[in-house]
>>> print(open('final.cif').read())   # mmCIF, C-alpha atoms (C1' of nucleotides)
data_start
#
loop_
_atom_site.label_atom_id
_atom_site.label_comp_id
_atom_site.auth_asym_id
_atom_site.auth_seq_id
_atom_site.Cartn_x
_atom_site.Cartn_y
_atom_site.Cartn_z
CA MET A 523 80.05 74.13 119.00
CA GLN A 524 80.20 77.68 120.25
CA ARG A 525 79.17 78.49 123.82
CA ALA A 526 77.37 81.52 125.13
CA THR A 527 79.97 82.70 127.57
CA ARG A 528 80.05 85.97 129.42
CA ARG A 529 83.10 87.32 127.51
CA ARG A 530 81.68 86.71 124.08
CA THR A 531 78.35 88.19 125.03
CA VAL A 532 80.08 91.35 126.21
CA ILE A 533 82.03 91.67 122.97
CA LEU A 534 78.95 91.10 120.87
CA GLU A 535 77.03 93.69 122.87
CA LEU A 536 79.75 96.27 122.37
CA LEU A 537 79.68 95.72 118.63
CA GLU A 538 75.90 95.67 118.68
CA GLU A 539 75.77 99.20 120.03
CA SER A 540 78.54 100.48 117.77
CA ALA A 541 77.87 101.59 114.22
CA GLN A 542 81.60 101.71 113.54
CA PHE A 543 84.19 99.18 112.58
CA LEU A 544 86.43 98.42 115.56
CA GLY A 545 89.83 96.76 115.84
CA ALA A 546 90.61 93.95 118.30
CA GLN A 547 92.99 96.10 120.33
CA GLN A 548 90.49 98.93 120.41
CA ILE A 549 87.75 96.60 121.66
CA HIS A 550 90.13 95.27 124.27
CA ARG A 551 90.90 98.82 125.45
CA VAL A 552 87.28 99.96 125.54
CA LEU A 553 86.21 96.94 127.56
CA ALA A 554 89.08 97.49 130.00
CA ASP A 555 88.00 101.12 130.44
CA ARG A 556 84.51 99.90 131.23
CA GLY A 557 85.81 97.54 133.88
CA GLN A 558 85.13 94.50 131.71
CA ALA A 559 88.75 93.65 131.07
CA MET A 560 89.67 90.34 129.48
CA ALA A 561 92.78 88.91 127.89
CA LEU A 562 93.67 90.23 124.47
CA ALA A 563 93.94 86.67 123.21
CA THR A 564 90.36 86.09 124.27
CA VAL A 565 89.22 89.08 122.25
CA TYR A 566 91.04 87.77 119.21
CA ARG A 567 89.61 84.28 119.64
CA ALA A 568 86.09 85.55 120.18
CA LEU A 569 86.23 87.82 117.13
CA GLN A 570 87.54 84.96 115.06
CA ALA A 571 84.76 82.65 116.22
CA LEU A 572 82.06 85.25 115.72
CA THR A 573 83.35 85.98 112.24
CA ASP A 574 83.48 82.31 111.31
CA SER A 575 79.89 81.87 112.37
CA GLY A 576 78.90 84.80 110.19
CA ASP A 577 77.87 87.09 113.05
CA LEU A 578 80.45 89.73 112.21
CA ASP A 579 81.80 91.48 109.14
CA VAL A 580 85.55 91.90 108.84
CA LEU A 581 87.71 94.13 106.74
CA ARG A 582 91.33 95.16 106.82
CA SER A 583 92.27 98.75 107.48
CA GLU A 584 94.84 100.40 105.27
CA GLU A 585 97.41 99.71 107.99
CA GLY A 586 96.57 96.01 107.86
CA GLU A 587 94.57 95.75 111.07
CA HIS A 588 91.42 93.65 111.16
CA LEU A 589 88.30 95.71 111.83
CA TYR A 590 85.00 94.17 112.93
CA ARG A 591 81.41 95.25 112.85
CA ARG A 592 77.95 93.85 113.37
CA CYS A 593 76.34 94.67 110.03
CA PRO A 594 72.63 95.24 109.68
CA ARG A 595 72.49 93.63 106.29
CA ARG A 596 73.32 89.96 106.26
CA ASP A 597 73.98 89.58 102.55
CA ARG A 598 77.24 90.16 100.73
CA HIS A 599 77.95 93.87 100.54
CA HIS A 600 80.76 96.42 100.49
CA HIS A 601 81.72 99.32 102.72
CA LEU A 602 82.62 102.96 102.50
CA VAL A 603 84.64 103.33 105.69
CA CYS A 604 85.97 106.39 107.48
CA ARG A 605 89.68 105.87 108.09
CA ALA A 606 89.55 108.15 111.10
CA CYS A 607 86.58 106.89 113.10
CA GLY A 608 85.57 103.64 111.44
CA ALA A 609 82.04 104.81 110.61
CA ALA A 610 80.73 102.93 107.60
CA VAL A 611 78.13 103.16 104.89
CA ASP A 612 76.88 99.88 103.48
CA LEU A 613 77.00 99.57 99.74
CA PRO A 614 75.17 97.02 97.62
CA GLY A 615 77.36 94.13 96.58
CA GLY A 616 75.54 93.22 93.40
CA PRO A 617 76.89 95.51 90.69
CA VAL A 618 80.58 94.91 91.30
CA GLU A 619 80.17 91.19 91.84
CA ASP A 620 78.25 90.77 88.64
CA TRP A 621 80.83 92.77 86.77
CA VAL A 622 83.73 90.67 87.99
CA ALA A 623 81.90 87.36 87.66
CA GLY A 624 81.86 87.77 83.89
CA LEU A 625 85.52 88.78 83.75
CA ALA A 626 86.55 85.89 85.97
CA ARG A 627 84.79 83.36 83.78
CA GLU A 628 86.32 84.95 80.70
CA HIS A 629 89.84 84.55 82.12
CA GLY A 630 89.36 81.11 83.58
CA PHE A 631 89.48 82.12 87.22
CA VAL A 632 87.43 80.27 89.80
CA ALA A 633 86.66 80.67 93.50
CA VAL A 634 87.00 84.43 93.21
CA THR A 635 86.70 86.38 96.45
CA PRO A 636 86.10 90.08 95.90
CA VAL A 637 87.83 92.56 98.21
CA VAL A 638 86.01 95.80 97.64
CA GLU A 639 86.43 98.51 100.24
CA PHE A 640 86.55 102.26 100.09
CA HIS A 641 88.52 104.17 102.69
CA GLY A 642 87.84 107.86 103.06
CA LEU A 643 87.11 110.57 105.57
CA CYS A 644 83.52 111.04 106.70
CA ALA A 645 81.88 114.46 106.97
CA SER A 646 82.13 114.75 110.75
CA CYS A 647 85.77 113.69 110.92
CA LEU A 648 86.62 116.10 108.14
CA GLU A 649 84.98 118.89 110.07
CA ALA A 650 86.60 117.82 113.35
CA ARG A 651 90.09 118.02 112.00
CA GLY A 652 89.37 121.22 110.12
CA PRO A 653 90.73 122.29 106.74
CA ARG A 654 93.91 120.48 105.83
CA MET B 1218 116.69 111.56 95.28
CA GLN B 1219 116.77 107.93 94.26
CA ARG B 1220 120.00 106.42 93.01
CA ALA B 1221 120.48 103.77 90.33
CA THR B 1222 122.22 101.16 92.43
CA ARG B 1223 122.98 97.60 91.56
CA ARG B 1224 120.51 96.13 94.08
CA ARG B 1225 117.54 98.12 92.93
CA THR B 1226 118.29 97.41 89.31
CA VAL B 1227 118.32 93.71 90.06
CA ILE B 1228 114.97 93.87 91.84
CA LEU B 1229 113.40 95.88 89.07
CA GLU B 1230 114.70 93.45 86.48
CA LEU B 1231 113.24 90.50 88.33
CA LEU B 1232 109.85 92.17 88.44
CA GLU B 1233 110.23 93.23 84.83
CA GLU B 1234 110.48 89.64 83.70
CA SER B 1235 107.73 88.41 86.00
CA ALA B 1236 104.08 88.69 85.05
CA GLN B 1237 103.08 87.77 88.59
CA PHE B 1238 102.71 89.64 91.83
CA LEU B 1239 105.57 88.77 94.15
CA GLY B 1240 106.05 89.27 97.88
CA ALA B 1241 109.13 90.83 99.41
CA GLN B 1242 110.23 87.61 101.07
CA GLN B 1243 109.68 85.71 97.86
CA ILE B 1244 111.79 88.19 95.91
CA HIS B 1245 114.48 87.93 98.55
CA ARG B 1246 114.49 84.15 98.24
CA VAL B 1247 114.53 84.06 94.44
CA LEU B 1248 117.44 86.48 94.30
CA ALA B 1249 119.36 84.45 96.87
CA ASP B 1250 118.79 81.32 94.78
CA ARG B 1251 120.20 83.15 91.79
CA GLY B 1252 123.30 84.09 93.69
CA GLN B 1253 122.22 87.72 93.93
CA ALA B 1254 121.54 87.70 97.65
CA MET B 1255 120.95 90.94 99.51
CA ALA B 1256 119.60 91.88 102.91
CA LEU B 1257 115.88 91.48 103.42
CA ALA B 1258 115.71 95.04 104.70
CA THR B 1259 117.18 96.22 101.43
CA VAL B 1260 114.48 94.44 99.49
CA TYR B 1261 111.81 96.07 101.63
CA ARG B 1262 113.37 99.52 101.27
CA ALA B 1263 113.81 99.16 97.53
CA LEU B 1264 110.23 98.00 97.02
CA GLN B 1265 108.97 100.87 99.12
CA ALA B 1266 111.00 103.39 97.12
CA LEU B 1267 109.97 101.92 93.78
CA THR B 1268 106.35 101.97 94.83
CA ASP B 1269 106.52 105.57 96.03
CA SER B 1270 107.98 106.63 92.72
CA GLY B 1271 105.12 104.90 90.94
CA ASP B 1272 107.24 102.24 89.26
CA LEU B 1273 105.45 99.37 90.97
CA ASP B 1274 101.89 98.36 91.78
CA VAL B 1275 101.18 97.01 95.26
CA LEU B 1276 98.34 95.05 96.70
CA ARG B 1277 97.81 93.06 99.85
CA SER B 1278 97.30 89.35 99.69
CA GLU B 1279 94.51 87.78 101.69
CA GLU B 1280 97.10 86.90 104.34
CA GLY B 1281 98.12 90.53 104.61
CA GLU B 1282 101.39 90.33 102.75
CA HIS B 1283 102.36 93.10 100.34
CA LEU B 1284 102.67 91.88 96.76
CA TYR B 1285 104.45 93.85 94.05
CA ARG B 1286 104.34 93.89 90.29
CA ARG B 1287 105.54 95.97 87.39
CA CYS B 1288 102.24 96.71 85.63
CA PRO B 1289 102.02 97.31 81.92
CA ARG B 1290 99.27 99.87 82.31
CA ARG B 1291 100.27 102.99 84.17
CA ASP B 1292 96.79 104.28 84.96
CA ARG B 1293 94.60 103.38 87.92
CA HIS B 1294 93.30 99.87 87.51
CA HIS B 1295 92.29 96.79 89.46
CA HIS B 1296 93.48 93.21 89.50
CA LEU B 1297 92.13 89.70 89.31
CA VAL B 1298 94.89 87.83 91.11
CA CYS B 1299 95.60 84.14 91.47
CA ARG B 1300 96.02 83.40 95.15
CA ALA B 1301 98.24 80.43 94.37
CA CYS B 1302 100.76 81.80 91.85
CA GLY B 1303 100.22 85.55 91.84
CA ALA B 1304 99.35 85.72 88.15
CA ALA B 1305 97.13 88.71 87.47
CA VAL B 1306 94.68 90.04 84.94
CA ASP B 1307 94.41 93.82 84.71
CA LEU B 1308 90.92 95.20 84.97
CA PRO B 1309 89.80 98.70 83.99
CA GLY B 1310 89.51 101.04 86.94
CA GLY B 1311 86.86 103.32 85.53
CA PRO B 1312 83.51 101.65 86.18
CA VAL B 1313 83.97 100.95 89.86
CA GLU B 1314 85.59 104.29 90.59
CA ASP B 1315 82.80 106.21 88.92
CA TRP B 1316 80.23 104.19 90.82
CA VAL B 1317 81.77 104.90 94.20
CA ALA B 1318 82.52 108.55 93.45
CA GLY B 1319 78.81 109.27 93.33
CA LEU B 1320 78.09 107.34 96.49
CA ALA B 1321 80.94 109.03 98.35
CA ARG B 1322 79.67 112.49 97.42
CA GLU B 1323 76.19 111.48 98.44
CA HIS B 1324 77.36 110.41 101.91
CA GLY B 1325 79.77 113.27 102.49
CA PHE B 1326 82.95 111.23 102.28
CA VAL B 1327 86.10 112.80 100.87
CA ALA B 1328 89.59 111.56 99.98
CA VAL B 1329 88.26 108.13 99.15
CA THR B 1330 90.83 105.50 98.24
CA PRO B 1331 89.32 102.47 96.57
CA VAL B 1332 90.65 99.02 97.43
CA VAL B 1333 89.32 96.76 94.73
CA GLU B 1334 90.96 93.40 94.27
CA PHE B 1335 89.74 89.98 93.30
CA HIS B 1336 91.49 86.90 94.59
CA GLY B 1337 90.82 83.62 92.88
CA LEU B 1338 92.46 80.59 91.38
CA CYS B 1339 93.70 80.81 87.79
CA ALA B 1340 93.09 78.07 85.23
CA SER B 1341 96.59 76.61 85.35
CA CYS B 1342 96.76 76.50 89.15
CA LEU B 1343 93.33 74.90 89.27
CA GLU B 1344 94.49 72.23 86.88
CA ALA B 1345 97.79 71.76 88.71
CA ARG B 1346 96.14 71.02 92.00
CA GLY B 1347 93.49 68.88 90.45
CA PRO B 1348 89.87 68.51 91.55
CA ARG B 1349 89.30 69.58 95.13
"C1'" DG C 521 133.16 114.67 99.29
"C1'" DT C 522 128.22 114.30 100.02
"C1'" DC C 523 124.17 112.02 100.68
"C1'" DG C 524 121.57 108.15 99.60
"C1'" DA C 525 121.92 102.89 99.83
"C1'" DT C 526 123.09 98.75 102.34
"C1'" DG C 527 123.81 95.10 106.06
"C1'" DC C 528 122.96 93.61 110.49
"C1'" DA C 529 120.55 93.16 114.44
"C1'" DA C 530 117.06 94.75 117.26
"C1'" DA C 531 112.47 96.50 117.57
"C1'" DC C 532 107.56 96.65 116.29
"C1'" DA C 533 102.59 95.72 115.33
"C1'" DG C 534 99.15 92.60 114.87
"C1'" DT C 535 97.97 88.13 115.64
"C1'" DT C 536 98.34 83.21 116.98
"C1'" DT C 537 99.28 79.27 119.98
"C1'" DG C 538 100.59 75.85 123.91
"C1'" DC C 539 99.15 74.68 128.19
"C1'" DA C 540 96.90 74.50 132.59
"C1'" DA C 541 92.93 76.21 135.03
"C1'" DC C 542 88.12 77.15 134.37
"C1'" DC C 543 83.16 77.08 133.37
"C1'" DA C 544 78.83 76.35 130.42
"C1'" DC C 545 75.86 72.73 129.25
"C1'" DG D 1254 81.92 65.22 133.74
"C1'" DT D 1255 83.15 66.70 129.00
"C1'" DG D 1256 84.65 69.77 125.88
"C1'" DG D 1257 84.77 74.42 124.62
"C1'" DT D 1258 86.79 78.87 126.81
"C1'" DT D 1259 90.07 81.78 129.16
"C1'" DG D 1260 94.55 83.83 130.88
"C1'" DC D 1261 99.29 84.15 130.49
"C1'" DA D 1262 103.37 84.08 128.27
"C1'" DA D 1263 105.91 82.89 124.42
"C1'" DA D 1264 106.17 82.50 119.55
"C1'" DC D 1265 105.34 83.98 114.75
"C1'" DT D 1266 104.84 86.84 110.50
"C1'" DG D 1267 105.51 90.72 107.93
"C1'" DT D 1268 107.76 94.92 108.22
"C1'" DT D 1269 110.45 98.88 109.99
"C1'" DT D 1270 114.38 101.28 112.07
"C1'" DG D 1271 119.02 102.78 114.24
"C1'" DC D 1272 123.49 102.96 113.17
"C1'" DA D 1273 127.89 102.36 111.07
"C1'" DT D 1274 129.74 101.45 106.54
"C1'" DC D 1275 129.67 101.63 101.66
"C1'" DG D 1276 129.06 103.42 97.04
"C1'" DA D 1277 126.89 106.43 93.20
"C1'" DC D 1278 127.25 110.87 91.30
#
>>> encode(input="final.cif", output="structure tokens")
Amino acid sequence: MQRATRRRTVILELLEESAQFLGAQQIHRVLADRGQAMALATVYRALQALTDSGDLDVLRSEEGEHLYRRCPRRDRHHHLVCRACGAAVDLPGGPVEDWVAGLAREHGFVAVTPVVEFHGLCASCLEARGPR
Amino acid sequence: MQRATRRRTVILELLEESAQFLGAQQIHRVLADRGQAMALATVYRALQALTDSGDLDVLRSEEGEHLYRRCPRRDRHHHLVCRACGAAVDLPGGPVEDWVAGLAREHGFVAVTPVVEFHGLCASCLEARGPR
DNA sequence: GTCGATGCAAACAGTTTGCAACCAC
DNA sequence: GTGGTTGCAAACTGTTTGCATCGAC
């Protein structure tokens, strides 16, 4: 069973107050800057545990890094994520899942896990970096 | 400019005759088994070049590995991929892209790149591994 | 002959793991 | 006290890169 240790609480709190998706290394750095340093391996293990227990949402950035977030909605959903700052908009999961469910059945596929993510640039990041 | 070298031709031919998505390491291994061994770095560079020129489709497996395939359809589309053998069914790209385009505009996101993939188990792999 | 392609080995990024010390329950 | 948790360092996976050599045009 999972224990309520100081480290994990700190990580969860950081994600709680962040509306953005954060990477493990980034979390590690932020905590160090705040004087709450811990081993990188601990961050990875905590994020893994918290994800397994369903407390966190994960997605992979375009560079292949795992990004984590405490999502307000607990049900299956998708994300429109800013590739610059990690800000995300939650999108309903229903339409796409229904669409693929029919296709999967039709083609004899089972145990289908949808990976539906949209990476873009949010309004404030676009403005911040100015016209291309 | 890209040159028509022996190595790249061999790689393209292998993908031409395969209906499945293959990983770089897997391609490297298959070619070695066929007596057409080449450096792993060469495989990576060739796949990169072929992808940049639009000759190959890429996607990331659930483990984060890049998988490549020569797709019959040249337009933007999605895939229903078997996580065991790499076999894939092409899905139309339109519906999902239209859906997200509206949402992106609505939330001020630009330059949105959709990542829409479905990983499952195809009928023959399900049968091969028997009941769970 | 020129410039891209290749092999080899080393480097990299992100992540995982073995093991001893540690701490929550 | 027991069993999950942590730190540290080493290992691992997939991939990229520097550099000298080779080969296509």
>>> closest_residue(input="final.cif", among="A:Arg582, A:Arg528, A:Arg651, A:His588", to="chain D", atoms="all atoms listed in the file")
A:Arg528
>>> interface_residues(input="final.cif", of="chain B", to="chain D", cutoff="9 Å", atoms="all atoms listed in the file", output="PyMOL selection string")
chain B and resi 1220-1222+1242+1258+1261+1281-1283
>>> closest_residue(input="final.cif", among="B:Asp1292, B:Glu1233, B:Asp1250, B:Glu1334", to="chain A", atoms="only C-alpha atoms")
B:Glu1334
>>> calpha_fit_rmsd(input="final.cif", fixed="chain B", moving="chain A")
0.1 Å
>>> closest_residue(input="final.cif", among="B:Cys1302, B:Leu1276, B:Ile1244, B:Val1333", to="chain A", atoms="only C-alpha atoms")
B:Val1333
>>> residues_around(input="final.cif", residues="region 617-634 of chain A", least_positions_apart="2", cutoff="7 Å", atoms="all atoms listed in the file", output="compact mmCIF listing (two decimals) with C-alpha atoms, in the coordinates of the input")
# COMPACT_ATOMS: atom_id res chain seq x y z
CA GLY A 615 77.36 94.13 96.58
CA PRO A 636 86.10 90.08 95.90
CA PHE B 1335 89.74 89.98 93.30
CA HIS B 1336 91.49 86.90 94.59
CA GLY B 1337 90.82 83.62 92.88
CA LEU B 1338 92.46 80.59 91.38
CA CYS B 1339 93.70 80.81 87.79
CA ALA B 1340 93.09 78.07 85.23
>>> closest_atom_pairs(input="final.cif", of="chain C", to="chain B", cutoff="9 Å", atoms="only C-alpha atoms (C1' of nucleotides)", output="tab-separated table")
residue	atom	partner	partner_atom	distance
C:DG524	C1'	B:Arg1220	CA	7.0
C:DA525	C1'	B:Thr1222	CA	7.6
C:DT526	C1'	B:Thr1259	CA	6.5
C:DG527	C1'	B:Ala1256	CA	6.2
C:DC528	C1'	B:Ala1256	CA	8.5
>>> resolve_selection(input="final.cif", expression="the PyMOL selection byres ((chain B and resi 1303) around 10)", output="PDB file with C-alpha atoms, keeping the file's coordinate frame")
ATOM      1  CA  SER B1235     107.730  88.410  86.000  1.00  0.00           C
ATOM      2  CA  ALA B1236     104.080  88.690  85.050  1.00  0.00           C
ATOM      3  CA  GLN B1237     103.080  87.770  88.590  1.00  0.00           C
ATOM      4  CA  PHE B1238     102.710  89.640  91.830  1.00  0.00           C
ATOM      5  CA  LEU B1239     105.570  88.770  94.150  1.00  0.00           C
ATOM      6  CA  GLY B1240     106.050  89.270  97.880  1.00  0.00           C
ATOM      7  CA  SER B1278      97.300  89.350  99.690  1.00  0.00           C
ATOM      8  CA  LEU B1284     102.670  91.880  96.760  1.00  0.00           C
ATOM      9  CA  TYR B1285     104.450  93.850  94.050  1.00  0.00           C
ATOM     10  CA  ARG B1286     104.340  93.890  90.290  1.00  0.00           C
ATOM     11  CA  LEU B1297      92.130  89.700  89.310  1.00  0.00           C
ATOM     12  CA  VAL B1298      94.890  87.830  91.110  1.00  0.00           C
ATOM     13  CA  CYS B1299      95.600  84.140  91.470  1.00  0.00           C
ATOM     14  CA  ARG B1300      96.020  83.400  95.150  1.00  0.00           C
ATOM     15  CA  ALA B1301      98.240  80.430  94.370  1.00  0.00           C
ATOM     16  CA  CYS B1302     100.760  81.800  91.850  1.00  0.00           C
ATOM     17  CA  ALA B1304      99.350  85.720  88.150  1.00  0.00           C
ATOM     18  CA  ALA B1305      97.130  88.710  87.470  1.00  0.00           C
ATOM     19  CA  VAL B1306      94.680  90.040  84.940  1.00  0.00           C
ATOM     20  CA  HIS B1336      91.490  86.900  94.590  1.00  0.00           C
ATOM     21  CA  GLY B1337      90.820  83.620  92.880  1.00  0.00           C
ATOM     22  CA  LEU B1338      92.460  80.590  91.380  1.00  0.00           C
ATOM     23  CA  CYS B1339      93.700  80.810  87.790  1.00  0.00           C
TER      24      CYS B1339
END
>>> atom_distance(input="final.cif", atom1="C1' of DT536 (chain C)", atom2="CA of Arg592 (chain A)")
23.3 Å
>>> atom_distance(input="final.cif", atom1="CA of Ala1241 (chain B)", atom2="C1' of DC532 (chain C)")
17.9 Å
>>> atom_distance(input="final.cif", atom1="CA of Asp574 (chain A)", atom2="CA of His550 (chain A)")
19.5 Å
>>> closest_residue(input="final.cif", among="B:Glu1280, B:Val1260, B:Cys1342, B:Gly1311", to="DT535 (chain C)", atoms="all atoms listed in the file")
B:Glu1280
